Amino acid sequence: MKNILLIGGSYGIGLAIAKELQFETNIYIASRTNESLAEINATHIPFDATTDTLDNTKLPEIIHGLVYCPGSINLRPFRGLKIEAFESDLQINFISLVKVIQTLLPNLTATEQSSIVLFSSVAASMGMPFHTSVAASKGAIEGFAKALAAEYAPKIRVNVIAPSLTDTPLAEKFLSNDEKREKSAQRHPLKRVGSSQDMAQMASFLLSEKSSWISGQIFHVDGGMSTLLVNQ
């Protein structure tokens, strides 16, 4: 079976991916906590993406798939954002991602072809108010992914999932009551917010042989928000 490593797979989208793949692959989860993993068939490695260096001696020599899940939703007016907010978002969304991939290059290139799945945001391609910090860091991911995919083709495939608002613990404050949830749903042409399962199914596809001729792509799993204009 393939070896799949999830960075930050203990809740939200990462946990949904682990549940989706646990019976088909060997799952390794590097995260700060394992509280939600009791019923998941996975190997847990304590790891904080913002402060730690991943110890790949705790991993198999071959990593067939890597998913980087940590991220942030920092929505505030630009005039109120300090430079530290931009630095913090860039650190968790992008710099820590780069460190992880550099550490794992020997494992990712030890097989005929591996797959990296990253997460951006619909805000990286759409101009959305109050998103300057998160859009900047997610935009960095998209540019990086295309360049990395070109540099390591055909050995490593690199693709990005760009969700709109998804019902995860990270987005809890934006979906904390029925009114907020309904307003968020109505902003999307498909009239609902995304689910962790929506993202997990796309990630599963991009990690599988079914996507073996796909690399350097940004997939907008966003309820049609980035491409469709419909009556509200």
# chains A, B, ... in the order shown; residues from 1 in each chain; ligands from 1

$ closest_atom_pairs --of "stretch 166-201 of chain A" --to "stretch 70-81 of chain A" --cutoff "10 Å" --atoms "only C-alpha atoms" --output "tab-separated table"
residue	atom	partner	partner_atom	distance
A:Leu170	CA	A:Ile73	CA	7.2
A:Ala171	CA	A:Ile73	CA	7.3
A:Phe174	CA	A:Ile73	CA	9.9

$ closest_atom_pairs --of "stretch 127-190 of chain A" --to "stretch 216-231 of chain A" --cutoff "7 Å" --atoms "only C-alpha atoms" --output "CSV"
residue,atom,partner,partner_atom,distance
A:Ala145,CA,A:Gly216,CA,6.3
A:Lys146,CA,A:Gly216,CA,4.6
A:Ala149,CA,A:Gly216,CA,5.3
A:Val158,CA,A:Gly216,CA,5.5
A:Asn159,CA,A:Gln217,CA,5.1
A:Val160,CA,A:Ile218,CA,4.7
A:Ile161,CA,A:Phe219,CA,4.8
A:Ala162,CA,A:His220,CA,4.8
A:Pro163,CA,A:Val221,CA,4.8
A:Ser164,CA,A:Asp222,CA,4.5
A:His188,CA,A:Met225,CA,5.3
A:Pro189,CA,A:Gly224,CA,5.5
A:Leu190,CA,A:Gly223,CA,5.1

$ write_last_selection --atoms "N, CA and C atoms" --output "short mmCIF file (atom, residue, chain, number, x, y, z; two decimals), in the first residue's frame"
data_model
loop_
_atom_site.label_atom_id
_atom_site.label_comp_id
_atom_site.auth_asym_id
_atom_site.auth_seq_id
_atom_site.Cartn_x
_atom_site.Cartn_y
_atom_site.Cartn_z
N ALA A 145 3.59 26.17 -6.11
CA ALA A 145 3.18 24.83 -6.56
C ALA A 145 3.44 24.65 -8.05
N LYS A 146 3.14 25.65 -8.85
CA LYS A 146 3.35 25.53 -10.30
C LYS A 146 4.84 25.42 -10.63
N ALA A 149 6.09 22.00 -9.45
CA ALA A 149 5.61 20.96 -10.35
C ALA A 149 6.43 20.91 -11.63
N VAL A 158 2.43 18.04 -8.34
CA VAL A 158 2.04 19.03 -7.33
C VAL A 158 0.76 19.71 -7.78
N ASN A 159 -0.26 19.64 -6.96
CA ASN A 159 -1.54 20.28 -7.26
C ASN A 159 -2.08 20.98 -6.03
N VAL A 160 -2.99 21.92 -6.27
CA VAL A 160 -3.52 22.76 -5.19
C VAL A 160 -5.04 22.72 -5.22
N ILE A 161 -5.63 22.60 -4.05
CA ILE A 161 -7.07 22.73 -3.88
C ILE A 161 -7.34 24.11 -3.29
N ALA A 162 -8.22 24.86 -3.93
CA ALA A 162 -8.54 26.22 -3.49
C ALA A 162 -10.01 26.27 -3.07
N PRO A 163 -10.31 26.04 -1.80
CA PRO A 163 -11.70 26.02 -1.36
C PRO A 163 -12.24 27.43 -1.13
N SER A 164 -13.56 27.52 -1.10
CA SER A 164 -14.23 28.65 -0.48
C SER A 164 -14.47 28.27 0.98
N HIS A 188 -22.82 31.41 -2.47
CA HIS A 188 -22.28 30.44 -3.41
C HIS A 188 -23.35 30.02 -4.42
N PRO A 189 -23.00 29.90 -5.69
CA PRO A 189 -23.97 29.45 -6.67
C PRO A 189 -24.62 28.11 -6.33
N LEU A 190 -23.89 27.21 -5.67
CA LEU A 190 -24.46 25.92 -5.30
C LEU A 190 -25.16 25.95 -3.94
#

$ select_by_dssp --residues "stretch 75-206 of chain A" --states "strand (DSSP E)" --output "VMD selection string"
chain A and resid 114 to 119 156 to 161 166 to 167 194 to 195

$ closest_residue --among "A:Gly14, A:Val67, A:Phe130, A:Leu54" --to "A:Pro169" --atoms "only C-alpha atoms"
A:Gly14

$ closest_residue --among "A:Glu20, A:Ile63, A:Val117, A:Gly8" --to "A:Leu207" --atoms "only C-alpha atoms"
A:Val117

$ select_by_dssp --residues "stretch 8-224 of chain A" --states "alpha helix (DSSP H)" --output "VMD selection string"
chain A and resid 12 to 21 83 to 90 96 to 108 132 to 152 178 to 186 196 to 207

$ atom_distance --atom1 "atom CA of A:Ile27" --atom2 "atom CA of A:Thr43"
6.3 Å

$ closest_residue --among "A:Gly12, A:Pro60, A:Pro106, A:Gly65" --to "A:Glu209" --atoms "only C-alpha atoms"
A:Gly65

$ residues_around --residues "stretch 95-100 of chain A" --least-positions-apart "4" --cutoff "12 Å" --atoms "only C-alpha atoms" --output "compact mmCIF listing (two decimals) with N, CA and C atoms, in the first residue's frame"
# COMPACT_ATOMS: atom_id res chain seq x y z
N LEU A 5 1.44 10.90 3.88
CA LEU A 5 1.73 11.73 5.05
C LEU A 5 0.85 12.97 5.04
N LEU A 6 0.11 13.17 6.12
CA LEU A 6 -0.70 14.37 6.29
C LEU A 6 -0.03 15.25 7.33
N ILE A 7 0.25 16.48 6.95
CA ILE A 7 0.74 17.46 7.93
C ILE A 7 -0.48 18.19 8.46
N GLY A 8 -0.77 18.03 9.74
CA GLY A 8 -1.96 18.62 10.32
C GLY A 8 -3.21 17.84 9.98
N ALA A 30 1.31 13.94 10.98
CA ALA A 30 2.22 14.77 11.78
C ALA A 30 1.46 16.00 12.22
N PHE A 47 4.15 16.97 16.01
CA PHE A 47 4.82 17.93 15.13
C PHE A 47 4.03 19.22 15.08
N ASP A 48 4.73 20.33 15.28
CA ASP A 48 4.16 21.66 15.13
C ASP A 48 4.81 22.30 13.92
N ALA A 49 4.04 22.51 12.87
CA ALA A 49 4.60 23.00 11.61
C ALA A 49 5.26 24.35 11.73
N THR A 50 4.82 25.17 12.70
CA THR A 50 5.35 26.53 12.81
C THR A 50 6.67 26.60 13.58
N THR A 51 7.00 25.55 14.33
CA THR A 51 8.20 25.61 15.18
C THR A 51 9.14 24.43 15.00
N ASP A 52 8.64 23.29 14.58
CA ASP A 52 9.45 22.07 14.56
C ASP A 52 10.02 21.79 13.17
N THR A 53 11.10 21.00 13.17
CA THR A 53 11.63 20.43 11.94
C THR A 53 11.22 18.97 11.91
N LEU A 54 10.59 18.56 10.84
CA LEU A 54 10.07 17.21 10.75
C LEU A 54 11.20 16.19 10.74
N ASP A 55 11.10 15.18 11.58
CA ASP A 55 12.09 14.11 11.66
C ASP A 55 11.67 13.00 10.72
N ASN A 56 12.28 12.95 9.54
CA ASN A 56 11.84 11.95 8.56
C ASN A 56 12.38 10.56 8.85
N LEU A 66 1.88 13.46 -0.12
CA LEU A 66 2.02 14.43 0.97
C LEU A 66 0.90 15.45 0.86
N VAL A 67 0.22 15.70 1.98
CA VAL A 67 -0.81 16.74 2.03
C VAL A 67 -0.46 17.69 3.17
N TYR A 68 -0.39 18.97 2.86
CA TYR A 68 -0.10 19.99 3.89
C TYR A 68 -1.40 20.71 4.20
N CYS A 69 -1.88 20.55 5.44
CA CYS A 69 -3.19 21.07 5.82
C CYS A 69 -3.19 22.34 6.67
N PRO A 70 -2.15 22.64 7.46
CA PRO A 70 -2.23 23.83 8.33
C PRO A 70 -2.51 25.10 7.53
N GLY A 71 -3.29 25.99 8.13
CA GLY A 71 -3.60 27.25 7.46
C GLY A 71 -4.22 28.22 8.43
N PHE A 86 0.79 39.63 8.73
CA PHE A 86 1.22 39.10 7.44
C PHE A 86 2.32 38.06 7.62
N GLU A 87 3.25 38.33 8.51
CA GLU A 87 4.35 37.39 8.76
C GLU A 87 3.83 36.08 9.33
N SER A 88 2.85 36.17 10.24
CA SER A 88 2.29 34.97 10.85
C SER A 88 1.56 34.12 9.82
N ASP A 89 0.73 34.76 8.98
CA ASP A 89 0.01 34.01 7.94
C ASP A 89 0.97 33.39 6.93
N LEU A 90 1.99 34.14 6.56
CA LEU A 90 2.97 33.62 5.62
C LEU A 90 3.73 32.44 6.21
N GLN A 91 4.00 32.50 7.50
CA GLN A 91 4.75 31.43 8.17
C GLN A 91 3.97 30.12 8.16
N LEU A 104 11.38 16.47 3.09
CA LEU A 104 10.85 15.20 2.59
C LEU A 104 11.23 14.89 1.15
N LEU A 105 12.02 15.72 0.51
CA LEU A 105 12.37 15.47 -0.89
C LEU A 105 12.98 14.08 -1.12
N PRO A 106 13.89 13.61 -0.24
CA PRO A 106 14.43 12.26 -0.47
C PRO A 106 13.35 11.19 -0.45
N ASN A 107 12.35 11.34 0.42
CA ASN A 107 11.27 10.36 0.52
C ASN A 107 10.33 10.45 -0.68
N LEU A 108 10.08 11.67 -1.14
CA LEU A 108 9.15 11.88 -2.24
C LEU A 108 9.73 11.47 -3.59
N ILE A 116 1.98 15.64 -4.33
CA ILE A 116 1.84 16.63 -3.25
C ILE A 116 0.54 17.38 -3.47
N VAL A 117 -0.25 17.49 -2.41
CA VAL A 117 -1.50 18.24 -2.45
C VAL A 117 -1.43 19.37 -1.43
N LEU A 118 -1.63 20.59 -1.90
CA LEU A 118 -1.58 21.78 -1.06
C LEU A 118 -2.94 22.47 -1.05
N PHE A 119 -3.12 23.38 -0.10
CA PHE A 119 -4.39 24.10 0.00
C PHE A 119 -4.19 25.60 -0.11
N SER A 120 -4.92 26.20 -1.02
CA SER A 120 -4.95 27.65 -1.19
C SER A 120 -6.31 28.14 -0.71
N SER A 137 -0.64 35.07 1.36
CA SER A 137 0.05 33.82 1.70
C SER A 137 -0.45 32.65 0.86
N LYS A 138 -1.74 32.62 0.57
CA LYS A 138 -2.27 31.54 -0.26
C LYS A 138 -1.83 31.72 -1.72
N ALA A 140 0.99 32.84 -2.62
CA ALA A 140 2.36 32.33 -2.66
C ALA A 140 2.36 30.82 -2.89
N ILE A 141 1.42 30.13 -2.27
CA ILE A 141 1.32 28.68 -2.44
C ILE A 141 1.05 28.32 -3.90
N PHE A 144 4.18 28.93 -6.03
CA PHE A 144 5.19 27.94 -5.64
C PHE A 144 4.85 26.57 -6.21
N ALA A 145 3.59 26.17 -6.11
CA ALA A 145 3.18 24.83 -6.56
C ALA A 145 3.44 24.65 -8.05
N LEU A 148 7.24 24.38 -8.58
CA LEU A 148 7.75 23.10 -8.08
C LEU A 148 7.33 21.95 -8.98

$ atom_distance --atom1 "atom CA of A:Ser10" --atom2 "atom CA of A:Thr33"
6.6 Å

$ residues_around --residues "A:Thr109" --least-positions-apart "3" --cutoff "8 Å" --atoms "only C-alpha atoms" --output "ChimeraX atom specification"
/A:62,105-106,112-114,155-156

$ write_last_selection --atoms "C-alpha atoms" --output "short mmCIF file (atom, residue, chain, number, x, y, z; two decimals), in the first residue's frame"
data_model
loop_
_atom_site.label_atom_id
_atom_site.label_comp_id
_atom_site.auth_asym_id
_atom_site.auth_seq_id
_atom_site.Cartn_x
_atom_site.Cartn_y
_atom_site.Cartn_z
CA ILE A 62 9.16 6.19 0.46
CA LEU A 105 12.37 15.47 -0.89
CA PRO A 106 14.43 12.26 -0.47
CA GLU A 112 8.53 6.45 -9.56
CA GLN A 113 6.03 9.26 -9.02
CA SER A 114 4.71 10.90 -5.85
CA LYS A 155 8.97 12.60 -10.51
CA ILE A 156 6.61 14.62 -8.30
#

$ atom_distance --atom1 "atom CA of A:Trp213" --atom2 "atom CA of A:Asn26"
22.9 Å

$ closest_residue --among "A:Ala85, A:Ala150, A:Phe94, A:Lys2" --to "A:His131" --atoms "only C-alpha atoms"
A:Ala85

$ residues_around --residues "A:Thr168" --least-positions-apart "3" --cutoff "9 Å" --atoms "only C-alpha atoms" --output "list in words"
Tyr11, Gly12, Ile13, Leu165, Ala171, Glu172, Ser195 and Ser196 of chain A

$ decode --residues "stretch 82-125 of chain A" --atoms "C-alpha atoms" --output "JSON list (two decimals), in the first residue's frame"
[["chain", "number", "residue", "atom", "x", "y", "z"],
["A", 82, "LYS", "CA", 0.11, 44.94, 11.49],
["A", 83, "ILE", "CA", 3.07, 43.50, 9.62],
["A", 84, "GLU", "CA", 3.20, 40.72, 12.22],
["A", 85, "ALA", "CA", -0.16, 39.43, 10.96],
["A", 86, "PHE", "CA", 1.22, 39.10, 7.44],
["A", 87, "GLU", "CA", 4.35, 37.39, 8.76],
["A", 88, "SER", "CA", 2.29, 34.97, 10.85],
["A", 89, "ASP", "CA", 0.01, 34.01, 7.94],
["A", 90, "LEU", "CA", 2.97, 33.62, 5.62],
["A", 91, "GLN", "CA", 4.75, 31.43, 8.17],
["A", 92, "ILE", "CA", 1.97, 28.91, 8.74],
["A", 93, "ASN", "CA", 0.61, 28.83, 5.20],
["A", 94, "PHE", "CA", 3.81, 28.99, 3.16],
["A", 95, "ILE", "CA", 7.21, 29.06, 4.88],
["A", 96, "SER", "CA", 6.46, 26.03, 7.06],
["A", 97, "LEU", "CA", 5.15, 24.22, 3.97],
["A", 98, "VAL", "CA", 8.43, 24.87, 2.14],
["A", 99, "LYS", "CA", 10.45, 23.52, 5.09],
["A", 100, "VAL", "CA", 8.39, 20.33, 5.18],
["A", 101, "ILE", "CA", 8.75, 19.68, 1.45],
["A", 102, "GLN", "CA", 12.50, 20.31, 1.49],
["A", 103, "THR", "CA", 12.88, 17.87, 4.38],
["A", 104, "LEU", "CA", 10.85, 15.20, 2.59],
["A", 105, "LEU", "CA", 12.37, 15.47, -0.89],
["A", 106, "PRO", "CA", 14.43, 12.26, -0.47],
["A", 107, "ASN", "CA", 11.27, 10.36, 0.52],
["A", 108, "LEU", "CA", 9.15, 11.88, -2.24],
["A", 109, "THR", "CA", 11.69, 11.15, -4.98],
["A", 110, "ALA", "CA", 12.34, 7.58, -3.84],
["A", 111, "THR", "CA", 9.39, 6.29, -5.87],
["A", 112, "GLU", "CA", 8.53, 6.45, -9.56],
["A", 113, "GLN", "CA", 6.03, 9.26, -9.02],
["A", 114, "SER", "CA", 4.71, 10.90, -5.85],
["A", 115, "SER", "CA", 1.93, 13.44, -5.34],
["A", 116, "ILE", "CA", 1.84, 16.63, -3.25],
["A", 117, "VAL", "CA", -1.50, 18.24, -2.45],
["A", 118, "LEU", "CA", -1.58, 21.78, -1.06],
["A", 119, "PHE", "CA", -4.39, 24.10, 0.00],
["A", 120, "SER", "CA", -4.95, 27.65, -1.19],
["A", 121, "SER", "CA", -8.16, 29.70, -1.04],
["A", 122, "VAL", "CA", -10.71, 31.15, -3.43],
["A", 123, "ALA", "CA", -9.46, 34.51, -2.12],
["A", 124, "ALA", "CA", -6.13, 34.04, -3.91],
["A", 125, "SER", "CA", -7.82, 34.43, -7.31]]
